[in-house]
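Below: structure-v1.pdb (PDB, C-alpha atoms)
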MODEL        1
ATOM      1  CA  MET N 268      27.935  18.396  -5.550
ATOM      2  CA  GLN N 269      28.125  15.893  -2.685
ATOM      3  CA  PHE N 270      26.312  12.577  -2.397
ATOM      4  CA  GLY N 271      23.361  12.587  -0.014
ATOM      5  CA  HIS N 272      23.129   9.717   2.492
ATOM      6  CA  LEU N 273      20.733   7.708   0.349
ATOM      7  CA  GLU N 274      22.703   8.147  -2.867
ATOM      8  CA  ARG N 275      25.998   7.325  -1.162
ATOM      9  CA  ARG N 276      24.571   4.229   0.484
ATOM     10  CA  ALA N 277      23.015   3.055  -2.774
ATOM     11  CA  PHE N 278      26.233   3.686  -4.715
ATOM     12  CA  ILE N 279      28.398   1.768  -2.237
ATOM     13  CA  THR N 280      25.917  -1.094  -2.105
ATOM     14  CA  LEU N 281      25.858  -1.329  -5.894
ATOM     15  CA  LEU N 282      29.623  -1.297  -6.217
ATOM     16  CA  GLY N 283      30.040  -3.852  -3.472
ATOM     17  CA  GLY N 284      27.419  -6.248  -4.764
ATOM     18  CA  VAL N 285      28.535  -6.838  -8.328
ATOM     19  CA  ALA N 286      30.935  -9.661  -7.545
ATOM     20  CA  ALA N 287      28.248 -11.637  -5.741
ATOM     21  CA  TRP N 288      25.747 -11.600  -8.603
ATOM     22  CA  PRO N 289      25.521 -14.944 -10.449
ATOM     23  CA  LEU N 290      25.462 -15.226 -14.206
ATOM     24  CA  ALA N 291      22.137 -15.945 -15.843
ATOM     25  CA  ALA N 292      21.197 -19.601 -15.583
ATOM     26  CA  ARG N 293      20.094 -19.785 -19.207
ATOM     27  CA  GLY N 294      23.605 -19.095 -20.508
ATOM     28  CA  GLN N 295      25.666 -16.223 -21.760
ATOM     29  CA  PRO N 296      24.757 -13.936 -24.659
ATOM     30  CA  ALA N 297      26.884 -14.047 -27.776
ATOM     31  CA  ASP N 298      30.180 -12.165 -27.637
ATOM     32  CA  ARG N 299      29.327  -9.985 -30.635
ATOM     33  CA  MET N 300      28.965  -6.351 -29.634
ATOM     34  CA  ARG N 301      25.437  -4.990 -29.115
ATOM     35  CA  ARG N 302      24.827  -1.245 -28.889
ATOM     36  CA  ILE N 303      22.111   0.302 -26.724
ATOM     37  CA  GLY N 304      21.099   3.892 -25.995
ATOM     38  CA  TRP N 305      20.530   5.590 -22.638
ATOM     39  CA  LEU N 306      18.445   8.723 -22.118
ATOM     40  CA  HIS N 307      18.243  10.212 -18.619
ATOM     41  CA  PHE N 308      16.415  13.239 -17.262
ATOM     42  CA  PHE N 309      19.199  14.417 -14.883
ATOM     43  CA  PRO N 310      22.542  15.963 -15.893
ATOM     44  CA  GLU N 311      25.488  13.594 -16.216
ATOM     45  CA  SER N 312      27.265  15.383 -13.360
ATOM     46  CA  ASP N 313      24.501  14.659 -10.850
ATOM     47  CA  PRO N 314      25.342  11.879  -8.347
ATOM     48  CA  GLY N 315      21.844  10.430  -8.728
ATOM     49  CA  SER N 316      22.420   9.976 -12.452
ATOM     50  CA  GLN N 317      25.522   7.912 -11.828
ATOM     51  CA  VAL N 318      23.797   5.777  -9.178
ATOM     52  CA  HIS N 319      21.100   4.923 -11.740
ATOM     53  CA  ALA N 320      23.635   4.181 -14.468
ATOM     54  CA  VAL N 321      25.652   1.917 -12.168
ATOM     55  CA  ALA N 322      22.488   0.073 -11.116
ATOM     56  CA  PHE N 323      21.603  -0.584 -14.742
ATOM     57  CA  ARG N 324      25.093  -1.668 -15.813
ATOM     58  CA  GLN N 325      25.364  -4.063 -12.910
ATOM     59  CA  GLY N 326      21.939  -5.421 -13.756
ATOM     60  CA  MET N 327      23.227  -6.092 -17.273
ATOM     61  CA  GLU N 328      26.360  -7.793 -15.918
ATOM     62  CA  LYS N 329      24.157 -10.039 -13.816
ATOM     63  CA  VAL N 330      22.627 -11.475 -16.984
ATOM     64  CA  GLY N 331      25.898 -11.696 -18.924
ATOM     65  CA  TRP N 332      26.322  -8.347 -20.708
ATOM     66  CA  SER N 333      29.563  -6.481 -20.078
ATOM     67  CA  VAL N 334      30.461  -3.029 -21.390
ATOM     68  CA  GLY N 335      33.505  -3.303 -23.639
ATOM     69  CA  ARG N 336      33.117  -7.055 -24.234
ATOM     70  CA  ASN N 337      29.678  -7.549 -25.779
ATOM     71  CA  LEU N 338      27.888  -4.317 -24.902
ATOM     72  CA  ALA N 339      28.305  -0.616 -25.766
ATOM     73  CA  ILE N 340      26.136   2.136 -24.264
ATOM     74  CA  ASP N 341      25.611   5.562 -25.832
ATOM     75  CA  TYR N 342      24.684   7.952 -23.009
ATOM     76  CA  ARG N 343      22.595  11.108 -23.288
ATOM     77  CA  TRP N 344      21.643  13.240 -20.286
ATOM     78  CA  GLY N 345      19.516  16.209 -19.239
ATOM     79  CA  ALA N 346      16.169  15.314 -20.879
ATOM     80  CA  PHE N 347      14.319  17.390 -18.302
ATOM     81  CA  ASN N 348      11.321  18.360 -20.457
ATOM     82  CA  VAL N 349       9.616  17.057 -23.596
ATOM     83  CA  GLU N 350      11.215  19.621 -25.918
ATOM     84  CA  ARG N 351      14.741  18.832 -24.719
ATOM     85  CA  ALA N 352      13.986  15.105 -24.634
ATOM     86  CA  ARG N 353      12.832  15.183 -28.267
ATOM     87  CA  VAL N 354      16.205  16.566 -29.392
ATOM     88  CA  ILE N 355      18.153  13.980 -27.401
ATOM     89  CA  ALA N 356      15.873  11.141 -28.491
ATOM     90  CA  ALA N 357      16.450  12.013 -32.148
ATOM     91  CA  GLU N 358      20.229  11.876 -31.580
ATOM     92  CA  LEU N 359      19.998   8.408 -30.081
ATOM     93  CA  LEU N 360      17.688   7.098 -32.786
ATOM     94  CA  ASN N 361      20.180   8.235 -35.438
ATOM     95  CA  LEU N 362      22.756   5.905 -33.864
ATOM     96  CA  ALA N 363      20.486   2.920 -34.641
ATOM     97  CA  PRO N 364      20.796   1.159 -31.261
ATOM     98  CA  ALA N 365      19.341  -2.296 -30.658
ATOM     99  CA  VAL N 366      17.433  -1.034 -27.575
ATOM    100  CA  ILE N 367      17.072   2.293 -25.765
ATOM    101  CA  VAL N 368      16.610   2.767 -22.012
ATOM    102  CA  SER N 369      14.573   5.931 -21.436
ATOM    103  CA  SER N 370      14.234   7.590 -18.032
ATOM    104  CA  GLY N 371      11.291   9.787 -17.079
ATOM    105  CA  THR N 372       8.019  10.886 -18.630
ATOM    106  CA  PRO N 373       9.468  13.533 -21.020
ATOM    107  CA  GLY N 374      11.757  10.948 -22.650
ATOM    108  CA  ALA N 375       9.011   8.355 -23.022
ATOM    109  CA  LEU N 376       6.687  10.912 -24.598
ATOM    110  CA  ALA N 377       9.432  12.013 -26.993
ATOM    111  CA  PHE N 378      10.137   8.461 -28.151
ATOM    112  CA  GLN N 379       6.422   7.786 -28.473
ATOM    113  CA  GLN N 380       6.218  10.705 -30.913
ATOM    114  CA  LEU N 381       9.408   9.995 -32.876
ATOM    115  CA  ASN N 382       9.814   6.251 -33.097
ATOM    116  CA  ARG N 383       7.761   3.121 -33.811
ATOM    117  CA  THR N 384      10.529   0.597 -34.471
ATOM    118  CA  VAL N 385      13.495   0.751 -32.059
ATOM    119  CA  PRO N 386      12.592  -1.078 -28.815
ATOM    120  CA  ILE N 387      12.287   1.259 -25.816
ATOM    121  CA  VAL N 388      12.452   0.186 -22.168
ATOM    122  CA  PHE N 389      11.308   3.065 -19.968
ATOM    123  CA  ALA N 390      11.654   3.640 -16.236
ATOM    124  CA  VAL N 391      10.277   6.279 -13.841
ATOM    125  CA  VAL N 392       7.179   6.964 -15.956
ATOM    126  CA  THR N 393       3.854   7.675 -14.262
ATOM    127  CA  GLU N 394       0.568   6.510 -15.811
ATOM    128  CA  PRO N 395       2.014   5.283 -19.135
ATOM    129  CA  VAL N 396      -1.403   4.089 -20.315
ATOM    130  CA  THR N 397      -3.252   7.326 -19.527
ATOM    131  CA  GLN N 398      -0.485   9.322 -21.204
ATOM    132  CA  GLY N 399      -0.769   7.220 -24.371
ATOM    133  CA  ILE N 400       2.713   5.726 -24.140
ATOM    134  CA  VAL N 401       1.455   2.127 -24.126
ATOM    135  CA  GLN N 402      -1.919   0.535 -24.903
ATOM    136  CA  SER N 403      -2.237  -1.291 -21.580
ATOM    137  CA  LEU N 404      -0.023  -2.539 -18.761
ATOM    138  CA  ALA N 405      -0.545  -6.212 -19.576
ATOM    139  CA  HIS N 406      -0.276  -5.745 -23.358
ATOM    140  CA  PRO N 407       1.736  -2.587 -24.073
ATOM    141  CA  GLY N 408       1.674  -3.080 -27.854
ATOM    142  CA  GLY N 409       4.105  -1.367 -30.200
ATOM    143  CA  ASN N 410       7.783  -1.006 -29.396
ATOM    144  CA  MET N 411       7.676   0.364 -25.825
ATOM    145  CA  THR N 412       7.445  -1.250 -22.412
ATOM    146  CA  GLY N 413       9.009  -0.742 -19.022
ATOM    147  CA  PHE N 414       8.404   0.226 -15.438
ATOM    148  CA  SER N 415       5.637   2.484 -14.203
ATOM    149  CA  TYR N 416       6.640   4.947 -11.510
ATOM    150  CA  MET N 417       4.299   6.624  -9.062
ATOM    151  CA  GLU N 418       0.670   5.625  -9.081
ATOM    152  CA  PRO N 419      -1.743   8.585  -8.791
ATOM    153  CA  THR N 420      -2.640   7.453  -5.261
ATOM    154  CA  ILE N 421       0.783   8.650  -4.106
ATOM    155  CA  GLY N 422      -0.796  12.109  -3.868
ATOM    156  CA  ALA N 423      -3.141  10.943  -1.108
ATOM    157  CA  LYS N 424      -0.248   9.193   0.670
ATOM    158  CA  TRP N 425       1.813  12.392   0.629
ATOM    159  CA  VAL N 426      -1.115  14.269   2.199
ATOM    160  CA  GLU N 427      -1.466  11.607   4.893
ATOM    161  CA  LEU N 428       2.242  11.620   5.779
ATOM    162  CA  LEU N 429       2.460  15.396   5.873
ATOM    163  CA  LYS N 430      -0.635  15.652   8.050
ATOM    164  CA  ASP N 431       0.758  12.982  10.405
ATOM    165  CA  ILE N 432       3.931  14.942  11.067
ATOM    166  CA  ALA N 433       2.354  18.426  10.904
ATOM    167  CA  PRO N 434      -1.254  18.040  12.137
ATOM    168  CA  HIS N 435      -1.779  21.807  12.312
ATOM    169  CA  ILE N 436      -1.676  22.331   8.528
ATOM    170  CA  THR N 437      -4.936  23.191   6.768
ATOM    171  CA  ARG N 438      -3.744  23.839   3.206
ATOM    172  CA  ILE N 439      -1.377  21.673   1.160
ATOM    173  CA  ALA N 440       0.079  22.863  -2.144
ATOM    174  CA  LEU N 441       1.484  20.574  -4.833
ATOM    175  CA  MET N 442       4.442  22.296  -6.515
ATOM    176  CA  PHE N 443       5.420  21.079  -9.989
ATOM    177  CA  ASN N 444       6.644  22.231 -13.387
ATOM    178  CA  PRO N 445       3.960  21.374 -15.999
ATOM    179  CA  ASP N 446       6.631  21.030 -18.725
ATOM    180  CA  ALA N 447       8.901  18.730 -16.715
ATOM    181  CA  SER N 448       6.255  16.636 -14.946
ATOM    182  CA  PRO N 449       2.946  16.496 -16.813
ATOM    183  CA  GLN N 450       2.180  13.436 -14.674
ATOM    184  CA  SER N 451       1.752  15.666 -11.606
ATOM    185  CA  ARG N 452      -1.843  16.402 -12.546
ATOM    186  CA  PHE N 453      -2.657  12.798 -11.636
ATOM    187  CA  PHE N 454      -1.095  13.234  -8.206
ATOM    188  CA  TYR N 455      -3.166  16.362  -7.659
ATOM    189  CA  GLN N 456      -6.416  14.543  -8.436
ATOM    190  CA  SER N 457      -5.563  12.023  -5.717
ATOM    191  CA  MET N 458      -4.650  14.815  -3.290
ATOM    192  CA  GLU N 459      -7.881  16.656  -3.965
ATOM    193  CA  ALA N 460      -9.980  13.534  -3.390
ATOM    194  CA  ALA N 461      -8.202  12.795  -0.088
ATOM    195  CA  ALA N 462      -8.171  16.381   1.225
ATOM    196  CA  PRO N 463     -11.577  16.351   3.001
ATOM    197  CA  LYS N 464     -10.615  13.216   4.964
ATOM    198  CA  PHE N 465      -7.601  15.043   6.393
ATOM    199  CA  ALA N 466      -9.363  18.402   6.836
ATOM    200  CA  VAL N 467      -7.080  20.218   4.406
ATOM    201  CA  GLN N 468      -7.484  22.193   1.202
ATOM    202  CA  ALA N 469      -5.505  21.012  -1.836
ATOM    203  CA  VAL N 470      -3.899  23.662  -4.038
ATOM    204  CA  MET N 471      -1.860  23.446  -7.273
ATOM    205  CA  VAL N 472       1.282  25.565  -7.582
ATOM    206  CA  PRO N 473       2.723  25.305 -11.127
ATOM    207  CA  VAL N 474       6.208  26.812 -11.486
ATOM    208  CA  ARG N 475       8.466  27.220 -14.502
ATOM    209  CA  MET N 476      11.287  29.464 -13.231
ATOM    210  CA  THR N 477      13.180  29.866  -9.981
ATOM    211  CA  GLY N 478      11.433  33.198  -9.473
ATOM    212  CA  ASP N 479       8.112  31.349  -9.502
ATOM    213  CA  ILE N 480       9.368  29.061  -6.727
ATOM    214  CA  GLU N 481      10.502  31.972  -4.580
ATOM    215  CA  GLN N 482       7.258  33.897  -5.039
ATOM    216  CA  ALA N 483       5.020  30.882  -4.386
ATOM    217  CA  MET N 484       6.815  29.872  -1.202
ATOM    218  CA  ALA N 485       6.896  33.430   0.127
ATOM    219  CA  THR N 486       3.139  33.684  -0.416
ATOM    220  CA  MET N 487       2.519  30.385   1.333
ATOM    221  CA  GLY N 488       4.781  31.364   4.216
ATOM    222  CA  HIS N 489       2.758  34.508   4.887
ATOM    223  CA  GLU N 490      -0.452  32.532   5.392
ATOM    224  CA  PRO N 491      -0.928  30.240   8.401
ATOM    225  CA  GLY N 492      -1.472  26.499   8.112
ATOM    226  CA  GLY N 493       0.467  25.924   4.906
ATOM    227  CA  GLY N 494       2.189  22.701   3.874
ATOM    228  CA  LEU N 495       3.982  21.745   0.678
ATOM    229  CA  ILE N 496       4.382  18.702  -1.558
ATOM    230  CA  ILE N 497       7.326  18.787  -3.976
ATOM    231  CA  SER N 498       6.475  16.573  -6.932
ATOM    232  CA  THR N 499       8.703  14.168  -8.868
ATOM    233  CA  ASP N 500      10.106  16.674 -11.293
ATOM    234  CA  ALA N 501      13.526  17.172 -12.905
ATOM    235  CA  PHE N 502      13.156  20.975 -12.724
ATOM    236  CA  LEU N 503      12.385  20.874  -9.007
ATOM    237  CA  TYR N 504      15.198  18.358  -8.491
ATOM    238  CA  THR N 505      17.627  20.861  -9.986
ATOM    239  CA  ASN N 506      16.276  23.539  -7.630
ATOM    240  CA  ARG N 507      15.854  21.316  -4.582
ATOM    241  CA  LYS N 508      18.428  23.123  -2.432
ATOM    242  CA  LEU N 509      16.657  26.431  -3.018
ATOM    243  CA  ILE N 510      13.315  24.826  -2.135
ATOM    244  CA  ILE N 511      14.696  23.263   1.060
ATOM    245  CA  GLU N 512      16.213  26.605   2.070
ATOM    246  CA  LEU N 513      12.963  28.487   1.414
ATOM    247  CA  ALA N 514      10.886  25.878   3.257
ATOM    248  CA  ALA N 515      13.095  26.373   6.318
ATOM    249  CA  ARG N 516      13.013  30.176   6.011
ATOM    250  CA  HIS N 517       9.209  30.300   5.713
ATOM    251  CA  ARG N 518       8.709  27.436   8.202
ATOM    252  CA  LEU N 519       6.767  25.324   5.738
ATOM    253  CA  PRO N 520       6.478  21.578   6.442
ATOM    254  CA  ALA N 521       7.245  19.862   3.141
ATOM    255  CA  ILE N 522       7.293  16.339   1.774
ATOM    256  CA  TYR N 523       9.446  15.560  -1.255
ATOM    257  CA  GLY N 524       9.165  13.016  -4.039
ATOM    258  CA  ILE N 525      12.806  13.713  -4.953
ATOM    259  CA  LEU N 526      15.616  11.375  -3.880
ATOM    260  CA  GLY N 527      18.170  12.737  -1.424
ATOM    261  CA  THR N 528      16.138  15.725  -0.246
ATOM    262  CA  ALA N 529      15.723  14.541   3.352
ATOM    263  CA  ALA N 530      19.492  14.038   3.635
ATOM    264  CA  GLU N 531      19.954  17.602   2.375
ATOM    265  CA  GLY N 532      17.584  19.114   4.962
ATOM    266  CA  GLY N 533      14.113  18.378   3.638
ATOM    267  CA  LEU N 534      11.552  17.209   6.189
ATOM    268  CA  ILE N 535      10.276  13.979   4.562
ATOM    269  CA  TYR N 536      11.105  12.012   1.428
ATOM    270  CA  TYR N 537       8.666   9.376   0.201
ATOM    271  CA  ALA N 538       8.742   7.854  -3.265
ATOM    272  CA  VAL N 539       9.356   4.737  -5.319
ATOM    273  CA  ASP N 540      12.805   3.160  -5.020
ATOM    274  CA  VAL N 541      14.242   4.328  -8.354
ATOM    275  CA  VAL N 542      17.434   2.241  -8.163
ATOM    276  CA  ASP N 543      15.275  -0.878  -8.093
ATOM    277  CA  GLN N 544      13.607   0.174 -11.354
ATOM    278  CA  TYR N 545      16.927   0.483 -13.189
ATOM    279  CA  GLN N 546      18.101  -2.879 -11.925
ATOM    280  CA  ARG N 547      14.871  -4.484 -13.146
ATOM    281  CA  ALA N 548      15.059  -2.616 -16.473
ATOM    282  CA  ALA N 549      18.265  -4.514 -17.238
ATOM    283  CA  GLY N 550      16.298  -7.748 -17.273
ATOM    284  CA  TYR N 551      13.926  -6.388 -19.915
ATOM    285  CA  VAL N 552      16.795  -5.109 -22.077
ATOM    286  CA  ASP N 553      18.417  -8.542 -21.847
ATOM    287  CA  ARG N 554      15.234 -10.284 -22.990
ATOM    288  CA  ILE N 555      14.821  -7.899 -25.916
ATOM    289  CA  LEU N 556      18.438  -8.392 -27.006
ATOM    290  CA  ARG N 557      17.749 -12.122 -26.972
ATOM    291  CA  GLY N 558      14.720 -11.731 -29.241
ATOM    292  CA  THR N 559      11.654 -10.962 -27.108
ATOM    293  CA  LYS N 560       9.410  -8.210 -28.466
ATOM    294  CA  PRO N 561       8.579  -5.248 -26.175
ATOM    295  CA  ALA N 562       4.879  -5.834 -26.888
ATOM    296  CA  ASP N 563       5.199  -9.205 -25.146
ATOM    297  CA  LEU N 564       6.683  -7.748 -21.948
ATOM    298  CA  PRO N 565       4.045  -6.293 -19.590
ATOM    299  CA  VAL N 566       4.624  -2.897 -17.997
ATOM    300  CA  GLN N 567       5.482  -3.543 -14.362
ATOM    301  CA  LEU N 568       4.216  -1.562 -11.386
ATOM    302  CA  PRO N 569       6.559  -0.333  -8.613
ATOM    303  CA  THR N 570       7.251  -2.796  -5.820
ATOM    304  CA  LYS N 571       9.598  -0.869  -3.511
ATOM    305  CA  PHE N 572       9.101   2.493  -1.790
ATOM    306  CA  SER N 573      11.421   4.491   0.441
ATOM    307  CA  LEU N 574      10.600   6.753   3.414
ATOM    308  CA  THR N 575      13.219   9.035   4.974
ATOM    309  CA  ILE N 576      12.546  11.515   7.787
ATOM    310  CA  ASN N 577      14.863  14.323   8.875
ATOM    311  CA  ALA N 578      14.287  14.547  12.632
ATOM    312  CA  LYS N 579      16.575  17.585  12.894
ATOM    313  CA  THR N 580      14.426  19.520  10.417
ATOM    314  CA  ALA N 581      11.275  18.434  12.242
ATOM    315  CA  LYS N 582      12.683  19.796  15.501
ATOM    316  CA  ALA N 583      13.623  23.094  13.843
ATOM    317  CA  LEU N 584      10.005  23.428  12.681
ATOM    318  CA  GLY N 585       8.680  22.616  16.144
ATOM    319  CA  LEU N 586       7.222  19.277  15.006
ATOM    320  CA  ASN N 587       7.163  15.976  16.855
ATOM    321  CA  VAL N 588       7.672  12.907  14.666
ATOM    322  CA  PRO N 589       5.024  10.309  15.587
ATOM    323  CA  ASP N 590       6.288   6.904  16.662
ATOM    324  CA  LYS N 591       4.439   5.205  13.802
ATOM    325  CA  LEU N 592       6.480   7.218  11.280
ATOM    326  CA  LEU N 593       9.742   6.491  13.068
ATOM    327  CA  VAL N 594       8.969   2.766  12.926
ATOM    328  CA  ALA N 595       7.896   2.892   9.260
ATOM    329  CA  ALA N 596      10.883   4.948   8.063
ATOM    330  CA  ASP N 597      13.715   3.315   6.140
ATOM    331  CA  GLU N 598      16.014   6.003   7.482
ATOM    332  CA  VAL N 599      15.763   8.681  10.176
ATOM    333  CA  ILE N 600      18.314  11.472   9.963
ATOM    334  CA  GLU N 601      19.152  12.838  13.426
TER     335      GLU N 601
ENDMDL
END

Take the structure in the file and write it out as C-alpha cells.
Amino acid sequence: MQFGHLERRAFITLLGGVAAWPLAARGQPADRMRRIGWLHFFPESDPGSQVHAVAFRQGMEKVGWSVGRNLAIDYRWGAFNVERARVIAAELLNLAPAVIVSSGTPGALAFQQLNRTVPIVFAVVTEPVTQGIVQSLAHPGGNMTGFSYMEPTIGAKWVELLKDIAPHITRIALMFNPDASPQSRFFYQSMEAAAPKFAVQAVMVPVRMTGDIEQAMATMGHEPGGGLIISTDAFLYTNRKLIIELAARHRLPAIYGILGTAAEGGLIYYAVDVVDQYQRAAGYVDRILRGTKPADLPVQLPTKFSLTINAKTAKALGLNVPDKLLVAADEVIE
C-alpha cells in the first residue's frame, strides 16, 4: 500500500521536526522504565497507523520520554469494532501498563466496559459523554479522558460542502458500518436537521459487508440526484478504494471523513486533523505518568480540521469547484 499525499506529507513533517522540539521546561522524567499500551483501530501495516504512532512517539519525546531509555510501548492494532477491541483491550490490560492510549470509539467503549483502574487516554472518539465513556467534558470522572473527535454538527458541514460542489444533488446518503462506527448516528441527526436548508433528502445506508457497499452504491447510481457521505469508520477505511472506484463508476459525488481518500481519487475529504490529536495525547500521557489523575484532565474538543479537494475527480464528474472551496482547501489535487 502506498502513502497518499496527506499521509506522506504528515510523515515527512513528523520525521523532520523531531530534532527541533525542545525538552519540557519543567524537567525530565525519571530514567526508570515506564510501560504504556497502545490500541489502534487500523492494521499495523496501514501507512496511516504508522503516521499516528510516529506523531505520538515524537510528542512523548518532546516532553522527555524516549522509547528504549525510559519508555516502552506495547502495540496492538486492528480494533475495528467493539467485539475485536474488547479482545485486544483485555490483552493490554493483562500487561499492567501505567497508561493506555486508545484510538477510536470501539476501543474506548471496550475499555469502559472492562477497566476502571488503568488510566486511559483516548483519541478520535465522537461524543464521549453521550456514549457514556466519560461523565462530562470538563470533569470526565473515573480513569478515562482524552480527545473528542467529530462533533455531530460535522454531518451538516458535509452536506453543505457536498451541495456546494454538486448543487444538482437532491438526496444525500450517509454510509457507515453500525458495528465499526456507532457514532455515525449522531452525524446523521445533524444531516437530517440541515437537509431542508439545502433542499436535499437525508438517507442512512448501513453496511456490514463489501457486498452491501456494492449493492447500495449501485442502487444510488441508478437514481438521479444522488450524493454520498462516507463516515469516519474503520470498516469503510479498509474498503475505501472500492468505494472510490464505485463512486466514479456510478458518477456519485462523495465526501469522505477518511484520511487520504481525496489523494486516492475521492472527490472531497473533510475531517478533524487526526495527527494533531495524537500529538496532543502525548501531553496527557506525560501528565498522568507524572501523577495527574485522568479525572482531573478535561476532555478536549478538536481544534484543527483539514479540507482536501480532488479537482481531477471533480472534472471527471462534470463538476466545477467553486472559488470559495478552492480558497478554503488545505490542498487541491490537480

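Residues captured in this structure file are N:Ile421, N:Gly422, N:Ala423, N:Lys424, N:Leu428, N:Leu429, N:Lys430, N:Asp431, N:Ile439, N:Met458, N:Ala461, N:Ala462, N:Phe465, N:Ile496, N:Ile522, N:Tyr537, according to the PyMOL selection byres ((chain N and resi 425-427) around 8).
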
Just the residues within 7 Å of stretch 369-382 of chain N, please, counting all atoms listed in the file, with nothing from its chain fewer than 4 positions along; format it as a list of chain:residue names.
-> N:Trp305, N:Leu306, N:His307, N:Phe308, N:Ala346, N:Phe347, N:Asn348, N:Val349, N:Ala352, N:Arg353, N:Ala356, N:Ile387, N:Val388, N:Phe389, N:Ala390, N:Val391, N:Val392, N:Thr393, N:Ile400, N:Ala447

Take the residues just selected and output them with C-alpha atoms as a PDB file, in the frame of the given file.
ATOM      1  CA  TRP N 305      20.530   5.590 -22.638  1.00  0.00           C
ATOM      2  CA  LEU N 306      18.445   8.723 -22.118  1.00  0.00           C
ATOM      3  CA  HIS N 307      18.243  10.212 -18.619  1.00  0.00           C
ATOM      4  CA  PHE N 308      16.415  13.239 -17.262  1.00  0.00           C
ATOM      5  CA  ALA N 346      16.169  15.314 -20.879  1.00  0.00           C
ATOM      6  CA  PHE N 347      14.319  17.390 -18.302  1.00  0.00           C
ATOM      7  CA  ASN N 348      11.321  18.360 -20.457  1.00  0.00           C
ATOM      8  CA  VAL N 349       9.616  17.057 -23.596  1.00  0.00           C
ATOM      9  CA  ALA N 352      13.986  15.105 -24.634  1.00  0.00           C
ATOM     10  CA  ARG N 353      12.832  15.183 -28.267  1.00  0.00           C
ATOM     11  CA  ALA N 356      15.873  11.141 -28.491  1.00  0.00           C
ATOM     12  CA  ILE N 387      12.287   1.259 -25.816  1.00  0.00           C
ATOM     13  CA  VAL N 388      12.452   0.186 -22.168  1.00  0.00           C
ATOM     14  CA  PHE N 389      11.308   3.065 -19.968  1.00  0.00           C
ATOM     15  CA  ALA N 390      11.654   3.640 -16.236  1.00  0.00           C
ATOM     16  CA  VAL N 391      10.277   6.279 -13.841  1.00  0.00           C
ATOM     17  CA  VAL N 392       7.179   6.964 -15.956  1.00  0.00           C
ATOM     18  CA  THR N 393       3.854   7.675 -14.262  1.00  0.00           C
ATOM     19  CA  ILE N 400       2.713   5.726 -24.140  1.00  0.00           C
ATOM     20  CA  ALA N 447       8.901  18.730 -16.715  1.00  0.00           C
TER      21      ALA N 447
END

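Here atom CA of N:Gly304 stands at a distance of 19.4 Å from atom CA of N:Asp543.
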
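Checking N:Trp332, N:Pro561, N:Val474, N:Met487 one by one against N:Arg383, counting all atoms listed in the file, you find the shortest gap at N:Pro561.
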
Using the file's own x, y and z axes, so that the box edges lie along x, y and z, what centre and edge lengths in Å (one decimal) does a box around every listed atom of stretch 594-600 of chain N get when 8 Å is added on each side? Give it as lines of an AutoDock Vina configuration file.
center_x = 13.1
center_y = 7.1
center_z = 9.5
size_x = 26.4
size_y = 24.7
size_z = 22.8

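Omitting N:Pro569 and its sequence neighbours fewer than 3 positions away, and counting only C-alpha atoms, the residues within 7 Å are Ser415, Tyr416 and Val539 of chain N.
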
Scan for residues within 9 Å of the point (4.3, -7.1, -23.9) in the coordinates of the file, using only C-alpha atoms, and reply as a count of residues only.
-> 17

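Using all atoms listed in the file for every distance, the candidate list N:Ala583, N:Val542, N:Ile600, N:Leu556 yields N:Leu556 as the residue closest to N:Asn337.
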
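Evaluating the PyMOL selection byres ((chain N and resi 492) around 6) against the shown model yields Ile436, Thr437, Pro491 and Gly493 of chain N.
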
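Here atom CA of N:Met327 and atom CA of N:Ala365 stand 14.4 Å from one another.
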
Leaving out N:Leu593 and any residue of its chain fewer than 5 positions from it, which residues lie within 12 Å of it when counting all atoms listed in the file, given as a list of chain:residue names?
-> N:Leu428, N:Asp431, N:Ile432, N:Ile535, N:Leu574, N:Thr575, N:Ile576, N:Asn577, N:Ala578, N:Asn587, N:Val588, N:Glu598, N:Val599, N:Ile600, N:Glu601

Run the PyMOL selection byres ((chain N and resi 497-509) around 9) mentally over the shown coordinates, then write out the matched residues as a ChimeraX atom specification, using the chain letters and numbers from the document.
-> /N:308-309,345-348,371,417,440-444,446-448,450-451,454,474-477,480-481,495-496,510-514,521-526,528,531-533,538

Separation of atom CA of N:Ser316 from atom CA of N:Pro386 in Å = 22.1 Å

Which residues come within 10 Å of N:Leu359, counting all atoms listed in the file, excluding same-chain residues fewer than 4 positions away, as a list of chain:residue names?
-> N:Ile303, N:Gly304, N:Trp305, N:Leu306, N:Asp341, N:Tyr342, N:Arg343, N:Val354, N:Ile355, N:Ala363, N:Pro364, N:Ile367

Save the residues we just selected, C-alpha atoms, as a PDB file, in the frame of the given file?
ATOM      1  CA  ILE N 303      22.111   0.302 -26.724  1.00  0.00           C
ATOM      2  CA  GLY N 304      21.099   3.892 -25.995  1.00  0.00           C
ATOM      3  CA  TRP N 305      20.530   5.590 -22.638  1.00  0.00           C
ATOM      4  CA  LEU N 306      18.445   8.723 -22.118  1.00  0.00           C
ATOM      5  CA  ASP N 341      25.611   5.562 -25.832  1.00  0.00           C
ATOM      6  CA  TYR N 342      24.684   7.952 -23.009  1.00  0.00           C
ATOM      7  CA  ARG N 343      22.595  11.108 -23.288  1.00  0.00           C
ATOM      8  CA  VAL N 354      16.205  16.566 -29.392  1.00  0.00           C
ATOM      9  CA  ILE N 355      18.153  13.980 -27.401  1.00  0.00           C
ATOM     10  CA  ALA N 363      20.486   2.920 -34.641  1.00  0.00           C
ATOM     11  CA  PRO N 364      20.796   1.159 -31.261  1.00  0.00           C
ATOM     12  CA  ILE N 367      17.072   2.293 -25.765  1.00  0.00           C
TER      13      ILE N 367
END

Minimum-distance residue to N:Leu519, chosen among N:Leu584, N:Ala466, N:Val472, N:Ala548 (using all atoms listed in the file) | N:Leu584
